file query-v2.txt (compact mmCIF, C-alpha atoms)
# COMPACT_ATOMS: atom_id res chain seq x y z
CA LYS A 1 0.00 0.00 0.00
CA ASN A 2 1.32 3.41 -0.97
CA GLN A 3 2.32 5.45 2.03
CA VAL A 4 1.16 8.64 0.28
CA GLU A 5 -2.46 8.78 -0.93
CA GLN A 6 -3.82 11.69 -2.95
CA SER A 7 -7.40 12.67 -3.66
CA PRO A 8 -9.23 13.29 -5.83
CA GLN A 9 -7.58 11.35 -8.63
CA SER A 10 -8.71 14.06 -11.03
CA LEU A 11 -10.90 17.13 -11.12
CA ILE A 12 -12.20 19.68 -13.57
CA ILE A 13 -12.66 23.29 -12.52
CA LEU A 14 -13.72 26.48 -14.23
CA GLU A 15 -11.16 29.17 -14.83
CA GLY A 16 -11.15 31.65 -11.95
CA LYS A 17 -12.46 29.17 -9.37
CA ASN A 18 -10.57 27.81 -6.37
CA CYS A 19 -9.82 24.18 -5.61
CA THR A 20 -8.20 22.09 -2.91
CA LEU A 21 -6.22 18.89 -3.34
CA GLN A 22 -5.65 16.42 -0.53
CA CYS A 23 -2.68 14.31 0.51
CA ASN A 24 -2.81 11.74 3.31
CA TYR A 25 0.33 9.94 4.39
CA THR A 26 1.06 7.13 6.80
CA VAL A 27 4.76 7.80 7.16
CA SER A 28 5.89 8.86 10.60
CA PRO A 29 8.20 10.52 11.38
CA PHE A 30 9.07 12.43 8.25
CA SER A 31 11.58 15.12 7.33
CA ASN A 32 9.59 17.26 4.94
CA LEU A 33 6.54 17.29 2.68
CA ARG A 34 6.59 18.75 -0.80
CA TRP A 35 4.12 19.59 -3.54
CA TYR A 36 5.16 19.46 -7.18
CA LYS A 37 3.43 20.53 -10.38
CA GLN A 38 3.98 18.37 -13.44
CA ASP A 39 2.84 19.61 -16.82
CA THR A 40 2.11 16.96 -19.44
CA GLY A 41 5.35 15.72 -20.95
CA ARG A 42 7.53 17.71 -18.55
CA GLY A 43 9.41 17.02 -15.35
CA PRO A 44 7.93 17.93 -11.94
CA VAL A 45 8.57 21.45 -10.66
CA SER A 46 8.66 22.27 -6.96
CA LEU A 47 5.84 24.41 -5.55
CA THR A 48 6.33 24.19 -1.77
CA ILE A 49 8.50 22.43 0.80
CA MET A 50 7.38 22.19 4.43
CA THR A 51 9.20 20.70 7.39
CA PHE A 52 7.23 18.86 10.08
CA SER A 53 7.16 22.03 12.22
CA GLU A 54 5.55 24.21 9.55
CA ASN A 55 1.80 24.22 8.93
CA THR A 56 1.46 26.50 5.93
CA LYS A 57 3.54 27.66 2.99
CA SER A 58 2.52 29.83 0.06
CA ASN A 59 3.89 30.26 -3.44
CA GLY A 60 1.85 32.81 -5.35
CA ARG A 61 -1.65 31.42 -5.88
CA TYR A 62 -0.64 28.07 -4.36
CA THR A 63 -0.97 27.53 -0.60
CA ALA A 64 -0.02 24.29 1.08
CA THR A 65 -1.07 23.31 4.59
CA LEU A 66 0.21 20.55 6.82
CA ASP A 67 -1.35 18.89 9.85
CA ALA A 68 1.28 16.55 11.27
CA ASP A 69 -1.15 15.25 13.92
CA THR A 70 -3.65 13.93 11.38
CA LYS A 71 -0.96 13.28 8.74
CA GLN A 72 -2.76 15.36 6.15
CA SER A 73 -1.68 18.03 3.74
CA SER A 74 -3.65 20.08 1.27
CA LEU A 75 -2.79 22.26 -1.69
CA HIS A 76 -5.14 25.14 -2.38
CA ILE A 77 -5.16 26.83 -5.77
CA THR A 78 -6.71 30.28 -5.80
CA ALA A 79 -8.28 31.92 -8.86
CA SER A 80 -7.29 29.09 -11.18
CA GLN A 81 -5.81 29.80 -14.59
CA LEU A 82 -5.67 27.65 -17.71
CA SER A 83 -1.95 27.19 -17.10
CA ASP A 84 -2.75 25.46 -13.81
CA SER A 85 -3.87 22.40 -15.79
CA ALA A 86 -1.35 19.78 -14.69
CA SER A 87 -0.75 16.88 -12.32
CA TYR A 88 -0.01 17.86 -8.72
CA ILE A 89 2.15 15.43 -6.81
CA CYS A 90 2.59 15.18 -3.03
CA VAL A 91 5.99 13.90 -1.88
CA VAL A 92 6.97 12.89 1.65
CA SER A 93 10.58 12.54 2.74
CA VAL A 94 10.94 9.32 4.69
CA PRO A 95 13.81 8.86 7.13
CA THR A 96 14.95 5.25 7.27
CA GLN A 97 16.78 3.30 9.91
CA THR A 98 19.39 1.71 7.69
CA ASP A 99 19.94 4.34 4.99
CA SER A 100 21.37 7.63 6.14
CA TRP A 101 20.12 9.52 3.15
CA GLY A 102 16.40 8.85 3.54
CA LYS A 103 13.92 8.33 0.72
CA PHE A 104 11.19 10.24 -1.09
CA GLN A 105 7.73 8.69 -1.25
CA PHE A 106 5.60 10.01 -4.12
CA GLY A 107 1.84 10.09 -4.37
CA ALA A 108 0.17 9.16 -7.66
CA GLY A 109 -0.86 12.76 -8.26
CA THR A 110 -4.12 14.64 -8.83
CA GLN A 111 -4.82 15.57 -12.44
CA VAL A 112 -6.32 19.06 -12.59
CA VAL A 113 -8.02 20.38 -15.72
CA VAL A 114 -8.97 24.05 -15.82
CA THR A 115 -11.58 24.89 -18.45
CA PRO A 116 -12.47 28.31 -19.86
CA GLY B 1 23.63 24.35 -17.82
CA ALA B 2 20.84 26.11 -15.98
CA GLY B 3 18.80 22.99 -15.29
CA VAL B 4 18.88 19.21 -15.33
CA SER B 5 19.30 17.97 -18.89
CA GLN B 6 18.23 14.52 -20.06
CA SER B 7 18.79 12.82 -23.39
CA PRO B 8 17.34 11.45 -25.49
CA ARG B 9 13.91 12.94 -24.84
CA TYR B 10 12.30 10.09 -26.76
CA LYS B 11 13.63 6.63 -27.48
CA VAL B 12 11.94 3.80 -29.35
CA ALA B 13 13.59 0.42 -28.97
CA LYS B 14 12.79 -3.01 -30.24
CA ARG B 15 12.35 -5.65 -27.58
CA GLY B 16 15.73 -7.08 -26.69
CA GLN B 17 17.76 -3.98 -27.58
CA ASP B 18 19.99 -2.21 -25.08
CA VAL B 19 19.37 1.48 -24.33
CA ALA B 20 21.33 4.17 -22.51
CA LEU B 21 19.73 7.25 -21.01
CA ARG B 22 21.84 10.22 -20.01
CA CYS B 23 21.37 12.74 -17.21
CA ASP B 24 23.39 15.93 -16.88
CA PRO B 25 22.59 17.38 -13.43
CA ILE B 26 22.96 20.96 -12.29
CA SER B 27 26.65 21.70 -11.82
CA GLY B 28 27.82 21.10 -8.26
CA HIS B 29 24.80 19.08 -7.21
CA VAL B 30 25.79 16.29 -4.87
CA SER B 31 22.66 14.15 -5.05
CA LEU B 32 21.32 12.48 -8.17
CA PHE B 33 18.18 10.35 -8.36
CA TRP B 34 16.66 8.22 -11.12
CA TYR B 35 12.91 7.56 -11.18
CA GLN B 36 10.61 5.56 -13.42
CA GLN B 37 7.17 7.03 -14.11
CA ALA B 38 4.33 5.06 -15.68
CA LEU B 39 1.47 6.89 -17.34
CA GLY B 40 -0.85 8.47 -14.76
CA GLN B 41 1.34 7.47 -11.83
CA GLY B 42 3.83 9.17 -9.58
CA PRO B 43 7.55 8.59 -10.03
CA GLU B 44 8.95 5.35 -8.60
CA PHE B 45 12.45 5.36 -7.12
CA LEU B 46 15.17 3.50 -9.02
CA THR B 47 18.52 4.55 -7.61
CA TYR B 48 20.38 7.28 -5.71
CA PHE B 49 23.92 8.65 -6.09
CA GLN B 50 25.78 10.88 -3.70
CA ASN B 51 28.62 12.24 -5.83
CA GLU B 52 30.05 9.17 -7.58
CA ALA B 53 28.87 6.71 -4.95
CA GLN B 54 25.72 4.72 -5.65
CA LEU B 55 24.27 4.59 -2.15
CA ASP B 56 20.97 2.94 -2.98
CA LYS B 57 19.96 0.83 -5.96
CA SER B 58 17.10 -0.96 -4.25
CA GLY B 59 14.53 0.35 -6.75
CA LEU B 60 16.15 -1.11 -9.86
CA PRO B 61 13.55 -3.65 -11.05
CA SER B 62 15.99 -6.27 -12.35
CA ASP B 63 19.64 -6.91 -13.10
CA ARG B 64 18.96 -5.64 -16.61
CA PHE B 65 19.03 -2.14 -15.15
CA PHE B 66 22.36 -0.52 -14.39
CA ALA B 67 23.28 3.05 -13.46
CA GLU B 68 26.57 4.84 -13.06
CA ARG B 69 27.93 8.27 -12.24
CA PRO B 70 31.70 7.72 -12.56
CA GLU B 71 32.92 11.29 -12.01
CA GLY B 72 30.15 12.52 -9.77
CA SER B 73 28.44 14.60 -12.43
CA VAL B 74 26.85 13.02 -15.54
CA SER B 75 24.92 9.82 -14.94
CA THR B 76 23.83 7.09 -17.32
CA LEU B 77 20.98 4.64 -16.83
CA LYS B 78 21.41 1.55 -18.97
CA ILE B 79 18.73 -1.00 -19.67
CA GLN B 80 19.81 -4.24 -21.25
CA ARG B 81 17.58 -6.55 -23.30
CA THR B 82 14.62 -4.19 -23.05
CA GLN B 83 11.14 -5.59 -22.43
CA GLN B 84 7.75 -4.04 -23.12
CA GLU B 85 7.19 -3.47 -19.42
CA ASP B 86 10.21 -1.15 -19.43
CA SER B 87 8.20 1.39 -21.43
CA ALA B 88 7.92 4.47 -19.21
CA VAL B 89 9.30 7.93 -18.65
CA TYR B 90 12.64 7.92 -16.87
CA LEU B 91 13.18 11.02 -14.76
CA CYS B 92 16.45 12.26 -13.37
CA ALA B 93 16.59 14.70 -10.45
CA SER B 94 19.45 16.42 -8.70
CA SER B 95 19.87 18.29 -5.44
CA LEU B 96 22.63 20.46 -4.00
CA ALA B 97 22.41 18.79 -0.59
CA PRO B 98 22.90 15.15 0.28
CA GLY B 99 19.83 13.07 0.96
CA THR B 100 16.31 14.43 1.12
CA VAL B 101 16.90 17.83 2.70
CA GLY B 102 17.44 20.07 -0.29
CA GLU B 103 15.24 21.14 -3.14
CA LEU B 104 14.92 18.58 -5.91
CA PHE B 105 15.27 19.68 -9.53
CA PHE B 106 13.92 17.36 -12.22
CA GLY B 107 14.85 16.98 -15.84
CA GLU B 108 12.23 16.76 -18.59
CA GLY B 109 12.53 12.98 -18.67
CA SER B 110 13.34 10.39 -21.29
CA ARG B 111 10.30 8.60 -22.69
CA LEU B 112 11.17 5.02 -23.60
CA THR B 113 8.84 2.98 -25.78
CA VAL B 114 9.69 -0.68 -26.28
CA LEU B 115 7.99 -2.35 -29.24
call {"tool": "encode", "arguments": {"input": "query-v2.txt", "output": "structure tokens"}}
result
Amino acid sequence: KNQVEQSPQSLIILEGKNCTLQCNYTVSPFSNLRWYKQDTGRGPVSLTIMTFSENTKSNGRYTATLDADTKQSSLHITASQLSDSASYICVVSVPTQTDSWGKFQFGAGTQVVVTP
Amino acid sequence: GAGVSQSPRYKVAKRGQDVALRCDPISGHVSLFWYQQALGQGPEFLTYFQNEAQLDKSGLPSDRFFAERPEGSVSTLKIQRTQQEDSAVYLCASSLAPGTVGELFFGEGSRLTVL
């Protein structure tokens, strides 16, 4: 079972509207939680990085929140634009006992389509 | 270069052929990761280098997969005797810091199609 679950799998929103994407993780403890945007046919691009002690981080119209107690994170997109159409991937950094470098656990992503 | 560069962007191989995928990370970046991404899925870890040392290759799916980073900069992912299930996008990412602390920069990926 994936340790990082994202919902919804996909959504369609009208241009100008807001939306919120969810990420639930079972990893504990963790080093940091990241949100990436991946345009079709491109590599992921970092939006936000939060350590376990942070509960919100903004990057323009993107705002990520983190609740370490419930192991949930959300990404809120404000006033969506056509260019926001992409896959949004939640990534949790997992410290391991045997590997000093840790690992990244990726969610499957939420596919967002913004329509005019 | 300014970002992580991967080549080729697209590769079509006949089943059984060997392929080599190249990753040129951001200059000075210590960490280099290879991921495999199937359509509609998140990236799956393949292997991790810290400078020239391959510290983790636990994600390589079989002994047909081999990766190297001999001088601690450019890395090559080689797949021998390709199979149809190897068809995927192969992403390379680099980071200035060791491990999972620093920001991760991804290349555009190499899309491999095995016929």
call {"tool": "interface_residues", "arguments": {"input": "query-v2.txt", "of": "chain B", "to": "chain A", "cutoff": "6 Å", "atoms": "only C-alpha atoms", "output": "number ranges by chain"}}
result
B: 41-42, 99, 106-108
call {"tool": "closest_residue", "arguments": {"input": "query-v2.txt", "among": "A:Asn59, A:Phe52, A:Ala68, A:Gln6", "to": "A:Leu21", "atoms": "all atoms listed in the file"}}
result
A:Gln6
call {"tool": "atom_distance", "arguments": {"input": "query-v2.txt", "atom1": "atom CA of B:Val12", "atom2": "atom CA of B:Lys78"}}
result
14.2 Å
call {"tool": "residues_around", "arguments": {"input": "query-v2.txt", "residues": "B:Thr113", "least_positions_apart": "4", "cutoff": "7 Å", "atoms": "all atoms listed in the file", "output": "tab-separated table (two decimals) with C-alpha atoms, in the frame of the given file"}}
result
chain	number	residue	atom	x	y	z
B	11	LYS	CA	13.63	6.63	-27.48
B	12	VAL	CA	11.94	3.80	-29.35
B	13	ALA	CA	13.59	0.42	-28.97
B	87	SER	CA	8.20	1.39	-21.43
B	88	ALA	CA	7.92	4.47	-19.21
call {"tool": "residues_around", "arguments": {"input": "query-v2.txt", "residues": "B:Tyr90", "least_positions_apart": "5", "cutoff": "7 Å", "atoms": "all atoms listed in the file", "output": "NGL selection string"}}
result
:B and (35-37 or 109-111)
call {"tool": "atom_distance", "arguments": {"input": "query-v2.txt", "atom1": "atom CA of A:Val113", "atom2": "atom CA of A:Ser83"}}
result
9.2 Å
call {"tool": "atom_distance", "arguments": {"input": "query-v2.txt", "atom1": "atom CA of B:Gly16", "atom2": "atom CA of B:Asp63"}}
result
14.1 Å
call {"tool": "residues_around", "arguments": {"input": "query-v2.txt", "residues": "A:Ala79", "least_positions_apart": "5", "cutoff": "8 Å", "atoms": "only C-alpha atoms", "output": "ChimeraX atom specification"}}
result
/A:15-18,61
call {"tool": "closest_residue", "arguments": {"input": "query-v2.txt", "among": "B:Val89, B:Ser27, B:Leu60, B:Val101", "to": "A:Thr40", "atoms": "all atoms listed in the file"}}
result
B:Val89
call {"tool": "decode", "arguments": {"input": "query-v2.txt", "residues": "stretch 92-108 of chain B", "atoms": "all heavy atoms", "output": "PDB file, in the first residue's frame"}}
result
ATOM      1  N   CYS B  92      15.251  12.041 -14.165  1.00  0.00           N
ATOM      2  CA  CYS B  92      16.452  12.261 -13.368  1.00  0.00           C
ATOM      3  C   CYS B  92      16.233  13.522 -12.552  1.00  0.00           C
ATOM      4  O   CYS B  92      15.622  14.492 -13.030  1.00  0.00           O
ATOM      5  CB  CYS B  92      17.654  12.410 -14.293  1.00  0.00           C
ATOM      6  SG  CYS B  92      19.186  12.845 -13.456  1.00  0.00           S
ATOM      7  N   ALA B  93      16.702  13.526 -11.311  1.00  0.00           N
ATOM      8  CA  ALA B  93      16.588  14.702 -10.454  1.00  0.00           C
ATOM      9  C   ALA B  93      17.892  14.904  -9.707  1.00  0.00           C
ATOM     10  O   ALA B  93      18.573  13.929  -9.350  1.00  0.00           O
ATOM     11  CB  ALA B  93      15.433  14.550  -9.464  1.00  0.00           C
ATOM     12  N   SER B  94      18.244  16.156  -9.468  1.00  0.00           N
ATOM     13  CA  SER B  94      19.452  16.423  -8.696  1.00  0.00           C
ATOM     14  C   SER B  94      19.162  17.428  -7.588  1.00  0.00           C
ATOM     15  O   SER B  94      18.184  18.182  -7.645  1.00  0.00           O
ATOM     16  CB  SER B  94      20.588  16.924  -9.593  1.00  0.00           C
ATOM     17  OG  SER B  94      20.342  18.248 -10.061  1.00  0.00           O
ATOM     18  N   SER B  95      20.020  17.407  -6.590  1.00  0.00           N
ATOM     19  CA  SER B  95      19.874  18.291  -5.440  1.00  0.00           C
ATOM     20  C   SER B  95      21.246  18.706  -4.947  1.00  0.00           C
ATOM     21  O   SER B  95      22.188  17.901  -4.965  1.00  0.00           O
ATOM     22  CB  SER B  95      19.101  17.576  -4.319  1.00  0.00           C
ATOM     23  OG  SER B  95      19.003  18.380  -3.173  1.00  0.00           O
ATOM     24  N   LEU B  96      21.353  19.949  -4.498  1.00  0.00           N
ATOM     25  CA  LEU B  96      22.627  20.460  -4.005  1.00  0.00           C
ATOM     26  C   LEU B  96      23.062  19.729  -2.737  1.00  0.00           C
ATOM     27  O   LEU B  96      24.242  19.453  -2.525  1.00  0.00           O
ATOM     28  CB  LEU B  96      22.519  21.963  -3.737  1.00  0.00           C
ATOM     29  CG  LEU B  96      23.797  22.680  -3.288  1.00  0.00           C
ATOM     30  CD1 LEU B  96      24.882  22.582  -4.360  1.00  0.00           C
ATOM     31  CD2 LEU B  96      23.491  24.147  -2.969  1.00  0.00           C
ATOM     32  N   ALA B  97      22.099  19.404  -1.876  1.00  0.00           N
ATOM     33  CA  ALA B  97      22.407  18.793  -0.590  1.00  0.00           C
ATOM     34  C   ALA B  97      22.360  17.274  -0.696  1.00  0.00           C
ATOM     35  O   ALA B  97      21.683  16.726  -1.569  1.00  0.00           O
ATOM     36  CB  ALA B  97      21.408  19.262   0.467  1.00  0.00           C
ATOM     37  N   PRO B  98      23.043  16.604   0.220  1.00  0.00           N
ATOM     38  CA  PRO B  98      22.903  15.148   0.280  1.00  0.00           C
ATOM     39  C   PRO B  98      21.526  14.763   0.798  1.00  0.00           C
ATOM     40  O   PRO B  98      20.910  15.529   1.543  1.00  0.00           O
ATOM     41  CB  PRO B  98      23.977  14.710   1.284  1.00  0.00           C
ATOM     42  CG  PRO B  98      24.706  15.909   1.682  1.00  0.00           C
ATOM     43  CD  PRO B  98      23.991  17.124   1.193  1.00  0.00           C
ATOM     44  N   GLY B  99      21.063  13.589   0.402  1.00  0.00           N
ATOM     45  CA  GLY B  99      19.833  13.068   0.963  1.00  0.00           C
ATOM     46  C   GLY B  99      18.598  13.816   0.533  1.00  0.00           C
ATOM     47  O   GLY B  99      18.501  14.310  -0.594  1.00  0.00           O
ATOM     48  N   THR B 100      17.635  13.907   1.456  1.00  0.00           N
ATOM     49  CA  THR B 100      16.314  14.426   1.122  1.00  0.00           C
ATOM     50  C   THR B 100      16.045  15.798   1.728  1.00  0.00           C
ATOM     51  O   THR B 100      14.901  16.200   1.880  1.00  0.00           O
ATOM     52  CB  THR B 100      15.246  13.439   1.624  1.00  0.00           C
ATOM     53  OG1 THR B 100      15.410  13.274   3.045  1.00  0.00           O
ATOM     54  CG2 THR B 100      15.370  12.090   0.948  1.00  0.00           C
ATOM     55  N   VAL B 101      17.081  16.534   2.049  1.00  0.00           N
ATOM     56  CA  VAL B 101      16.898  17.830   2.702  1.00  0.00           C
ATOM     57  C   VAL B 101      16.661  18.950   1.693  1.00  0.00           C
ATOM     58  O   VAL B 101      15.794  19.808   1.870  1.00  0.00           O
ATOM     59  CB  VAL B 101      18.130  18.170   3.576  1.00  0.00           C
ATOM     60  CG1 VAL B 101      18.002  19.553   4.187  1.00  0.00           C
ATOM     61  CG2 VAL B 101      18.309  17.126   4.653  1.00  0.00           C
ATOM     62  N   GLY B 102      17.448  18.947   0.633  1.00  0.00           N
ATOM     63  CA  GLY B 102      17.440  20.066  -0.288  1.00  0.00           C
ATOM     64  C   GLY B 102      16.335  20.010  -1.323  1.00  0.00           C
ATOM     65  O   GLY B 102      15.618  19.016  -1.457  1.00  0.00           O
ATOM     66  N   GLU B 103      16.227  21.088  -2.079  1.00  0.00           N
ATOM     67  CA  GLU B 103      15.239  21.140  -3.143  1.00  0.00           C
ATOM     68  C   GLU B 103      15.673  20.223  -4.275  1.00  0.00           C
ATOM     69  O   GLU B 103      16.849  20.140  -4.613  1.00  0.00           O
ATOM     70  CB  GLU B 103      15.079  22.568  -3.652  1.00  0.00           C
ATOM     71  CG  GLU B 103      13.964  22.722  -4.676  1.00  0.00           C
ATOM     72  CD  GLU B 103      13.542  24.160  -4.879  1.00  0.00           C
ATOM     73  OE1 GLU B 103      14.073  25.040  -4.180  1.00  0.00           O
ATOM     74  OE2 GLU B 103      12.673  24.386  -5.746  1.00  0.00           O
ATOM     75  N   LEU B 104      14.676  19.554  -4.858  1.00  0.00           N
ATOM     76  CA  LEU B 104      14.917  18.579  -5.914  1.00  0.00           C
ATOM     77  C   LEU B 104      14.565  19.205  -7.246  1.00  0.00           C
ATOM     78  O   LEU B 104      13.469  19.761  -7.422  1.00  0.00           O
ATOM     79  CB  LEU B 104      14.043  17.361  -5.640  1.00  0.00           C
ATOM     80  CG  LEU B 104      14.451  15.995  -6.157  1.00  0.00           C
ATOM     81  CD1 LEU B 104      15.843  15.621  -5.695  1.00  0.00           C
ATOM     82  CD2 LEU B 104      13.441  14.953  -5.704  1.00  0.00           C
ATOM     83  N   PHE B 105      15.496  19.136  -8.196  1.00  0.00           N
ATOM     84  CA  PHE B 105      15.266  19.680  -9.527  1.00  0.00           C
ATOM     85  C   PHE B 105      15.212  18.521 -10.514  1.00  0.00           C
ATOM     86  O   PHE B 105      16.164  17.727 -10.594  1.00  0.00           O
ATOM     87  CB  PHE B 105      16.388  20.649  -9.917  1.00  0.00           C
ATOM     88  CG  PHE B 105      16.431  21.883  -9.058  1.00  0.00           C
ATOM     89  CD1 PHE B 105      17.137  21.881  -7.862  1.00  0.00           C
ATOM     90  CD2 PHE B 105      15.766  23.030  -9.440  1.00  0.00           C
ATOM     91  CE1 PHE B 105      17.182  23.014  -7.063  1.00  0.00           C
ATOM     92  CE2 PHE B 105      15.806  24.170  -8.647  1.00  0.00           C
ATOM     93  CZ  PHE B 105      16.514  24.158  -7.456  1.00  0.00           C
ATOM     94  N   PHE B 106      14.122  18.461 -11.280  1.00  0.00           N
ATOM     95  CA  PHE B 106      13.921  17.363 -12.219  1.00  0.00           C
ATOM     96  C   PHE B 106      14.277  17.782 -13.639  1.00  0.00           C
ATOM     97  O   PHE B 106      14.108  18.939 -14.033  1.00  0.00           O
ATOM     98  CB  PHE B 106      12.461  16.909 -12.212  1.00  0.00           C
ATOM     99  CG  PHE B 106      12.074  16.062 -11.039  1.00  0.00           C
ATOM    100  CD1 PHE B 106      11.691  16.634  -9.842  1.00  0.00           C
ATOM    101  CD2 PHE B 106      12.107  14.677 -11.131  1.00  0.00           C
ATOM    102  CE1 PHE B 106      11.341  15.847  -8.748  1.00  0.00           C
ATOM    103  CE2 PHE B 106      11.750  13.891 -10.050  1.00  0.00           C
ATOM    104  CZ  PHE B 106      11.372  14.481  -8.859  1.00  0.00           C
ATOM    105  N   GLY B 107      14.737  16.797 -14.408  1.00  0.00           N
ATOM    106  CA  GLY B 107      14.855  16.980 -15.839  1.00  0.00           C
ATOM    107  C   GLY B 107      13.506  16.754 -16.499  1.00  0.00           C
ATOM    108  O   GLY B 107      12.510  16.436 -15.846  1.00  0.00           O
ATOM    109  N   GLU B 108      13.481  16.906 -17.838  1.00  0.00           N
ATOM    110  CA  GLU B 108      12.232  16.757 -18.587  1.00  0.00           C
ATOM    111  C   GLU B 108      11.861  15.294 -18.792  1.00  0.00           C
ATOM    112  O   GLU B 108      10.747  14.984 -19.183  1.00  0.00           O
ATOM    113  CB  GLU B 108      12.338  17.445 -19.937  1.00  0.00           C
ATOM    114  CG  GLU B 108      12.649  18.928 -19.846  1.00  0.00           C
ATOM    115  CD  GLU B 108      11.461  19.760 -19.419  1.00  0.00           C
ATOM    116  OE1 GLU B 108      10.716  19.350 -18.499  1.00  0.00           O
ATOM    117  OE2 GLU B 108      11.243  20.823 -19.993  1.00  0.00           O
TER     118      GLU B 108
END
